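J.: This is the structure I want to talk about, given as structure tokens.
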Amino acid sequence: MNERDIWSMVLERLEKVHGFSAITVSLWFDSMAMEKLTPDAAYFSTDNDLKKNIIESKYAPIIKEDLKEILGFDVDVVVISTEKAAFSQQFEEAERRRQSKKLEETVEKLDAKQVKTDDGESYAEADGCGFMDSAAKRSSNVFISPSLPDYSPTYTFDNFVVGNSNSLAYKMALAVAERPAVVANPLFLHGLPGLGKTHLLYAITRKIALDHPEFSIIYTKGEDFTNELVEALANKTPILFREKYRNADVLLIDDIQFIAGKESIQEEFFHTYEALFEAGKQIIVTSDRPPKDIKTLADRLRSRFEHGIIADIQPPDLELRAAIFKRKARDLDMNVPNDVIMYLAENITDNIRQIEGALKKIRALAFLDGTDITMEHAKIAVNDILTAKANAISPEKVISYVSQVYDIPFEDIVGKRRTDSVAFARQVAIYILRELTDLSTITIGKVFNRDYSTIISSSEKIKRLRESDPAFEAKLDDMMKDVKSLMY
Ligand code: ADP
Ligand code: MG
């Protein structure tokens with residue numbers, strides 16, 4: 001049986017099993033051929049780009065299913081268009097891309113690997129948000145806000161590497177987890193993105209859930225708290241919302257800065273806070289900056305936070321970075337030479353999330369080369385990460401953020417409407433892009449469908465307003481910090 005035979009069997013199934021008409025089959029598949037079959041992929045050619053796209057999105061899943069039927073094993077279906085270059089010229093690149101994508105997926109799966117619980121049972125954590133193993137989930141009443149970061153394996157105290165820059169935060173988090181509502185209430189953790197705040201919150205949640213199965217624990221993010229409340233108000237169910245939050249024994253709110261500047265949300269949070277605090281419940285919040293620097297935070301909230309314990313996390317020093325690289329390499333079962341560890345620790349400096357990213361990239365590169373990990377791999381990975389960082393703030397992200405803040409649709413911000421509120425949101429977005437990126441006024445102009453002189457005058461206008469209006473300046477500062485932290 002060769003590729004041709006297999007392909008004709010697939011074509012037959014398309015008509016007979018799936019009931020495609022002869023016309024459909026001839027329209028899409030007459031010019032398609034199965035070029036190559038490997039142990040895990042089937043490569044097809046077709047004669048133009050449009051067909052390729054449609055086949056890929058619409059028919060590839062069906063073909064994949066048929067191939068599994070025919071071959072008895074799973075293969076990836078890859079379609080290559082020969083409109084601009086011959087199949088043979090494109091095959092190797094396509095194969096390389098497929099391999100590296102596959103590897104990344106495998107790595108992701110490995111990360112969601114089995115967790116052992118104390119009683120020796122193990123539970124699969126395949127849902128990608130498994131910071132709680134099933135035992136913890138089962139044994140207590142834990143509400144987890146819907147949007148957990150998707151990179152989370154198990155975040156525990158055990159796998160948090162402690163150094164000078166984070167030891168205070170670590171100790172306070174552990175103390176609170178061991179003795180909720182006794183040692184530090186509220187606990188306010190702050191630090192720049194990627195330095196371990198969420199990790200510590202998960203670790204606290206997990207420990208309390210295991211130690212106190214009877215506790216109701218709520219973990220949420222400032223943003224989700226806001227959305228949930230807005231929804232509750234729209235559905236006229238604020239009572240349910242209140243009941244849920246005010247019955248918590250432990251309330252953890254991640255990235256609280258997102259509720260700043262939003263009056264009604266802060267008001268609601270304040271009452272929740274008071275109710276819980278008076279009832280002797282533990283409250284833990286995190287933010288990318290200390291309370292005094294969240295300019296649009298209501299004063300009474302700020303003073304509540306300041307009455308508790310505030311612990312900061314500073315960027316890791318070289319020693320801690322090296323220790324984290326070592327630890328993560330071990331967790332990922334990678335054998336990384338010491339000089340490579342040192343090179344990485346010297347170059348990847350400001351965000352611990354990048355440390356994991358770098359290691360995974362290196363592992364993928366070494367895998368593709370079929371060699372051990374070398375300095376060459378490390379250099380490529382570092383370079384990729386530093387470039388990715390420089391491009392992290394994109395116009396789309398800034399515009400959608402501004403659109404949320406001012407409640408103006410994305411399309412209007414880049415569109416023609418000139419009403420005051422739309423124009424203002426547009427000018428703010430333009431200003432932020434000019435401040436935070438290296439994009440030229442011409443490039444920014446294209447995004448907003450305007451010429452470069454409009455871009456300049458818009459951002460000048462916001463700049464003047466900023467200089468003359470301290471309240472606006474505070475709001476703009478908060479917004480720019482949000483944008484920066486959203487990019488990680
Ligand atoms: P933040 O919430 O402050 O933005 P995260 O808690 O999401 O940061 O941390 C980003 C990544 O870095 C996570 O994968 C986390 O496990 C990892 N990380 C941060 N600090 C440490 C640490 N001290 N030891 C081990 N991993 C860490
Ligand atoms: Mg976080």
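In the structure tokens, each chain is lettered A, B, ... as it comes, each chain's residues begin at 1, and ligands are numbered from 1 in order of appearance.
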Check which residues fall inside 10 Å of ligand 2 when counting only C-alpha atoms and all ligand atoms, and print them as an NGL selection string.

T.: :A and (148-149 or 190-202 or 221 or 254-255 or 286-288 or 485-486 or 488)

J.: Would you pick out the contacts of Glu178 of chain A at 9 Å or less, using only C-alpha atoms, so that residues sharing its chain but fewer than 5 positions from it are not included, and give the list as a PyMOL selection string?

T.: chain A and resi 173+204+207-208+211

J.: Put those residues in a file: N, CA, C and O atoms, as a PDB file, in the first residue's frame.

T.:
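Below is the file that was written, part.pdb:
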ATOM      1  N   ALA A 173       3.585  34.744  53.628  1.00  0.00           N
ATOM      2  CA  ALA A 173       2.584  33.885  52.982  1.00  0.00           C
ATOM      3  C   ALA A 173       2.470  32.556  53.730  1.00  0.00           C
ATOM      4  O   ALA A 173       1.372  32.064  54.002  1.00  0.00           O
ATOM      5  N   ILE A 204      -0.798  29.367  49.198  1.00  0.00           N
ATOM      6  CA  ILE A 204      -1.600  29.607  50.405  1.00  0.00           C
ATOM      7  C   ILE A 204      -2.948  28.885  50.276  1.00  0.00           C
ATOM      8  O   ILE A 204      -3.376  28.164  51.182  1.00  0.00           O
ATOM      9  N   LYS A 207      -2.552  25.139  50.684  1.00  0.00           N
ATOM     10  CA  LYS A 207      -2.240  24.669  52.038  1.00  0.00           C
ATOM     11  C   LYS A 207      -3.458  24.790  52.952  1.00  0.00           C
ATOM     12  O   LYS A 207      -3.788  23.859  53.697  1.00  0.00           O
ATOM     13  N   ILE A 208      -4.124  25.932  52.885  1.00  0.00           N
ATOM     14  CA  ILE A 208      -5.293  26.093  53.766  1.00  0.00           C
ATOM     15  C   ILE A 208      -6.376  25.087  53.388  1.00  0.00           C
ATOM     16  O   ILE A 208      -7.032  24.505  54.251  1.00  0.00           O
ATOM     17  N   ASP A 211      -5.368  21.791  54.911  1.00  0.00           N
ATOM     18  CA  ASP A 211      -5.394  21.768  56.378  1.00  0.00           C
ATOM     19  C   ASP A 211      -6.790  21.988  56.954  1.00  0.00           C
ATOM     20  O   ASP A 211      -7.087  21.533  58.054  1.00  0.00           O
TER      21      ASP A 211
END

J.: May I have the residues within 9 Å of Ser458 of chain A as a list in words, using only C-alpha atoms and disregarding those fewer than 5 positions away in the same chain?

T.: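 Counting only the stated atoms, we get Phe424, Arg426, Gln427, Val428, Ile430, Tyr431, Ser453 and Lys463 of chain A.
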
J.: Put those residues in a file: all heavy atoms, as a PDB file, in the first residue's frame.

T.:
ATOM      1  N   PHE A 424     -11.616  60.924  22.567  1.00  0.00           N
ATOM      2  CA  PHE A 424     -10.753  60.979  23.742  1.00  0.00           C
ATOM      3  C   PHE A 424     -10.081  59.626  24.005  1.00  0.00           C
ATOM      4  O   PHE A 424      -8.874  59.543  24.197  1.00  0.00           O
ATOM      5  CB  PHE A 424     -11.562  61.427  24.963  1.00  0.00           C
ATOM      6  CG  PHE A 424     -10.712  61.604  26.185  1.00  0.00           C
ATOM      7  CD1 PHE A 424      -9.804  62.648  26.262  1.00  0.00           C
ATOM      8  CD2 PHE A 424     -10.799  60.693  27.240  1.00  0.00           C
ATOM      9  CE1 PHE A 424      -9.002  62.808  27.385  1.00  0.00           C
ATOM     10  CE2 PHE A 424      -9.991  60.842  28.357  1.00  0.00           C
ATOM     11  CZ  PHE A 424      -9.093  61.899  28.427  1.00  0.00           C
ATOM     12  N   ARG A 426      -9.533  57.364  21.890  1.00  0.00           N
ATOM     13  CA  ARG A 426      -8.583  57.147  20.803  1.00  0.00           C
ATOM     14  C   ARG A 426      -7.267  57.882  21.107  1.00  0.00           C
ATOM     15  O   ARG A 426      -6.187  57.326  20.968  1.00  0.00           O
ATOM     16  CB  ARG A 426      -9.202  57.665  19.505  1.00  0.00           C
ATOM     17  CG  ARG A 426      -8.362  57.468  18.266  1.00  0.00           C
ATOM     18  CD  ARG A 426      -9.057  58.042  17.046  1.00  0.00           C
ATOM     19  NE  ARG A 426     -10.364  57.430  16.830  1.00  0.00           N
ATOM     20  CZ  ARG A 426     -11.477  58.113  16.529  1.00  0.00           C
ATOM     21  NH1 ARG A 426     -11.460  59.421  16.385  1.00  0.00           N
ATOM     22  NH2 ARG A 426     -12.612  57.471  16.351  1.00  0.00           N
ATOM     23  N   GLN A 427      -7.400  59.132  21.560  1.00  0.00           N
ATOM     24  CA  GLN A 427      -6.181  59.906  21.850  1.00  0.00           C
ATOM     25  C   GLN A 427      -5.379  59.272  22.985  1.00  0.00           C
ATOM     26  O   GLN A 427      -4.152  59.245  22.944  1.00  0.00           O
ATOM     27  CB  GLN A 427      -6.557  61.348  22.209  1.00  0.00           C
ATOM     28  CG  GLN A 427      -7.045  62.130  20.985  1.00  0.00           C
ATOM     29  CD  GLN A 427      -7.935  63.308  21.355  1.00  0.00           C
ATOM     30  OE1 GLN A 427      -8.271  63.513  22.525  1.00  0.00           O
ATOM     31  NE2 GLN A 427      -8.336  64.090  20.357  1.00  0.00           N
ATOM     32  N   VAL A 428      -6.083  58.753  23.964  1.00  0.00           N
ATOM     33  CA  VAL A 428      -5.376  58.103  25.068  1.00  0.00           C
ATOM     34  C   VAL A 428      -4.623  56.872  24.569  1.00  0.00           C
ATOM     35  O   VAL A 428      -3.450  56.655  24.895  1.00  0.00           O
ATOM     36  CB  VAL A 428      -6.355  57.716  26.207  1.00  0.00           C
ATOM     37  CG1 VAL A 428      -5.672  56.811  27.220  1.00  0.00           C
ATOM     38  CG2 VAL A 428      -6.892  58.966  26.891  1.00  0.00           C
ATOM     39  N   ILE A 430      -3.512  56.328  21.622  1.00  0.00           N
ATOM     40  CA  ILE A 430      -2.377  56.791  20.817  1.00  0.00           C
ATOM     41  C   ILE A 430      -1.235  57.251  21.726  1.00  0.00           C
ATOM     42  O   ILE A 430      -0.069  56.901  21.525  1.00  0.00           O
ATOM     43  CB  ILE A 430      -2.833  57.937  19.876  1.00  0.00           C
ATOM     44  CG1 ILE A 430      -3.749  57.366  18.791  1.00  0.00           C
ATOM     45  CG2 ILE A 430      -1.630  58.652  19.259  1.00  0.00           C
ATOM     46  CD1 ILE A 430      -4.432  58.407  17.931  1.00  0.00           C
ATOM     47  N   TYR A 431      -1.606  57.995  22.740  1.00  0.00           N
ATOM     48  CA  TYR A 431      -0.585  58.491  23.673  1.00  0.00           C
ATOM     49  C   TYR A 431       0.170  57.317  24.314  1.00  0.00           C
ATOM     50  O   TYR A 431       1.390  57.298  24.362  1.00  0.00           O
ATOM     51  CB  TYR A 431      -1.260  59.341  24.749  1.00  0.00           C
ATOM     52  CG  TYR A 431      -0.302  59.815  25.822  1.00  0.00           C
ATOM     53  CD1 TYR A 431       0.470  60.959  25.612  1.00  0.00           C
ATOM     54  CD2 TYR A 431      -0.149  59.105  27.008  1.00  0.00           C
ATOM     55  CE1 TYR A 431       1.359  61.390  26.582  1.00  0.00           C
ATOM     56  CE2 TYR A 431       0.742  59.531  27.985  1.00  0.00           C
ATOM     57  CZ  TYR A 431       1.496  60.675  27.759  1.00  0.00           C
ATOM     58  OH  TYR A 431       2.379  61.086  28.715  1.00  0.00           O
ATOM     59  N   SER A 453       0.397  63.087  11.276  1.00  0.00           N
ATOM     60  CA  SER A 453       0.271  64.363  11.990  1.00  0.00           C
ATOM     61  C   SER A 453      -0.861  64.310  13.014  1.00  0.00           C
ATOM     62  O   SER A 453      -0.787  64.910  14.082  1.00  0.00           O
ATOM     63  CB  SER A 453       0.077  65.511  10.994  1.00  0.00           C
ATOM     64  OG  SER A 453      -1.107  65.288  10.270  1.00  0.00           O
ATOM     65  N   LYS A 463      -0.813  64.802  26.411  1.00  0.00           N
ATOM     66  CA  LYS A 463       0.318  65.200  27.218  1.00  0.00           C
ATOM     67  C   LYS A 463       0.028  66.505  27.962  1.00  0.00           C
ATOM     68  O   LYS A 463       0.290  66.630  29.161  1.00  0.00           O
ATOM     69  CB  LYS A 463       1.539  65.382  26.305  1.00  0.00           C
ATOM     70  CG  LYS A 463       2.826  65.547  27.048  1.00  0.00           C
ATOM     71  CD  LYS A 463       4.004  65.414  26.105  1.00  0.00           C
ATOM     72  CE  LYS A 463       5.228  65.978  26.797  1.00  0.00           C
ATOM     73  NZ  LYS A 463       6.125  66.643  25.859  1.00  0.00           N
TER      74      LYS A 463
END

J.: With distances taken over only C-alpha atoms and all ligand atoms, which residue among A:Leu229, A:Ala22, A:Ala209, A:Ala329 lies nearest ligand 1?

T.: A:Ala329

J.: Between atom CA of Arg434 of chain A and atom CA of Ser394 of chain A, what is the distance, to one decimal in Å?

T.: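 Going from atom CA of Arg434 of chain A over to atom CA of Ser394 of chain A covers 11.3 Å.
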
J.: In terms of the shortest atom-to-atom distance over only C-alpha atoms, which of A:Glu411, A:Asp384, A:Asp158, A:Asp372 is closest to Glu396 of chain A?

T.: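 Of A:Glu411, A:Asp384, A:Asp158, A:Asp372, the one nearest Glu396 of chain A, counting only C-alpha atoms, is A:Glu411.
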
J.: Just checking: using only C-alpha atoms and all ligand atoms, which residue out of A:Ser400, A:Gln282, A:Ser165, A:Asn449 ends up closest to ligand 1?

T.: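 Between A:Ser400, A:Gln282, A:Ser165, A:Asn449, the residue approaching ligand 1 most closely is A:Ser165.
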
J.: For ligand 1, which residue out of A:Asn351, A:Thr437, A:Ser26, A:Asn185 is the nearest one, using only C-alpha atoms and all ligand atoms?

T.: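 Between A:Asn351, A:Thr437, A:Ser26, A:Asn185, the residue approaching ligand 1 most closely is A:Asn351.
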
J.: Given the choices A:Val161, A:Leu189, A:Val405, A:Leu433, which gets closest to ligand 1 if the distance is worked out from only C-alpha atoms and all ligand atoms?

T.: A:Val161

J.: List the neighbours of Leu67 of chain A out to 7 Å using only C-alpha atoms; skip same-chain residues closer than 4 positions along the sequence, and give me the result as JSON, numbers by chain.

T.: {"A": [10, 63, 71]}

J.: Quick check for you: according to DSSP on this backbone, which residues of segment 268-376 of chain A are classed as strand (DSSP E)? Reply as a list in words.

T.: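 Those in segment 268-376 of chain A that DSSP calls strand (DSSP E) are Gln282, Ile283, Ile284, Val285, Thr286, Ser287, Ile309, Ile310, Ala311, Asp312 and Ile313 of chain A.
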
J.: Show which residues sit within 8 Å of Gly308 of chain A, as JSON, numbers by chain. Count only C-alpha atoms, and ignore same-chain residues fewer than 5 positions away.

T.: {"A": [184, 185, 186, 187, 188]}

J.: How would the residues just chosen look if you wrote them out with all heavy atoms as a PDB file, in the first residue's frame?

T.:
ATOM      1  N   ALA A 184      -1.264  37.896  60.177  1.00  0.00           N
ATOM      2  CA  ALA A 184      -1.170  39.054  59.289  1.00  0.00           C
ATOM      3  C   ALA A 184      -2.477  39.209  58.548  1.00  0.00           C
ATOM      4  O   ALA A 184      -2.822  38.385  57.705  1.00  0.00           O
ATOM      5  CB  ALA A 184      -0.027  38.856  58.287  1.00  0.00           C
ATOM      6  N   ASN A 185      -3.206  40.266  58.875  1.00  0.00           N
ATOM      7  CA  ASN A 185      -4.496  40.426  58.230  1.00  0.00           C
ATOM      8  C   ASN A 185      -4.831  41.903  58.066  1.00  0.00           C
ATOM      9  O   ASN A 185      -4.896  42.611  59.060  1.00  0.00           O
ATOM     10  CB  ASN A 185      -5.579  39.742  59.071  1.00  0.00           C
ATOM     11  CG  ASN A 185      -6.772  39.347  58.228  1.00  0.00           C
ATOM     12  OD1 ASN A 185      -6.706  39.391  57.001  1.00  0.00           O
ATOM     13  ND2 ASN A 185      -7.849  38.972  58.885  1.00  0.00           N
ATOM     14  N   PRO A 186      -5.006  42.396  56.869  1.00  0.00           N
ATOM     15  CA  PRO A 186      -4.815  41.679  55.609  1.00  0.00           C
ATOM     16  C   PRO A 186      -3.329  41.539  55.282  1.00  0.00           C
ATOM     17  O   PRO A 186      -2.512  42.292  55.818  1.00  0.00           O
ATOM     18  CB  PRO A 186      -5.466  42.614  54.595  1.00  0.00           C
ATOM     19  CG  PRO A 186      -5.267  43.982  55.170  1.00  0.00           C
ATOM     20  CD  PRO A 186      -5.365  43.805  56.653  1.00  0.00           C
ATOM     21  N   LEU A 187      -3.033  40.591  54.411  1.00  0.00           N
ATOM     22  CA  LEU A 187      -1.669  40.500  53.891  1.00  0.00           C
ATOM     23  C   LEU A 187      -1.678  41.081  52.484  1.00  0.00           C
ATOM     24  O   LEU A 187      -2.515  40.703  51.659  1.00  0.00           O
ATOM     25  CB  LEU A 187      -1.211  39.036  53.862  1.00  0.00           C
ATOM     26  CG  LEU A 187       0.156  38.798  53.191  1.00  0.00           C
ATOM     27  CD1 LEU A 187       1.278  39.537  53.915  1.00  0.00           C
ATOM     28  CD2 LEU A 187       0.467  37.298  53.127  1.00  0.00           C
ATOM     29  N   PHE A 188      -0.795  42.008  52.266  1.00  0.00           N
ATOM     30  CA  PHE A 188      -0.712  42.669  50.962  1.00  0.00           C
ATOM     31  C   PHE A 188       0.648  42.352  50.347  1.00  0.00           C
ATOM     32  O   PHE A 188       1.685  42.759  50.865  1.00  0.00           O
ATOM     33  CB  PHE A 188      -0.864  44.183  51.161  1.00  0.00           C
ATOM     34  CG  PHE A 188      -1.066  44.956  49.893  1.00  0.00           C
ATOM     35  CD1 PHE A 188      -2.317  45.454  49.541  1.00  0.00           C
ATOM     36  CD2 PHE A 188       0.002  45.203  49.026  1.00  0.00           C
ATOM     37  CE1 PHE A 188      -2.507  46.179  48.364  1.00  0.00           C
ATOM     38  CE2 PHE A 188      -0.180  45.926  47.851  1.00  0.00           C
ATOM     39  CZ  PHE A 188      -1.439  46.419  47.521  1.00  0.00           C
TER      40      PHE A 188
END

J.: Between A:Glu35, A:Asp333, A:Asp293, A:Glu460, which is the closest to Arg363 of chain A once you count only C-alpha atoms?

T.: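 So, comparing all the options, the nearest one is A:Asp333.
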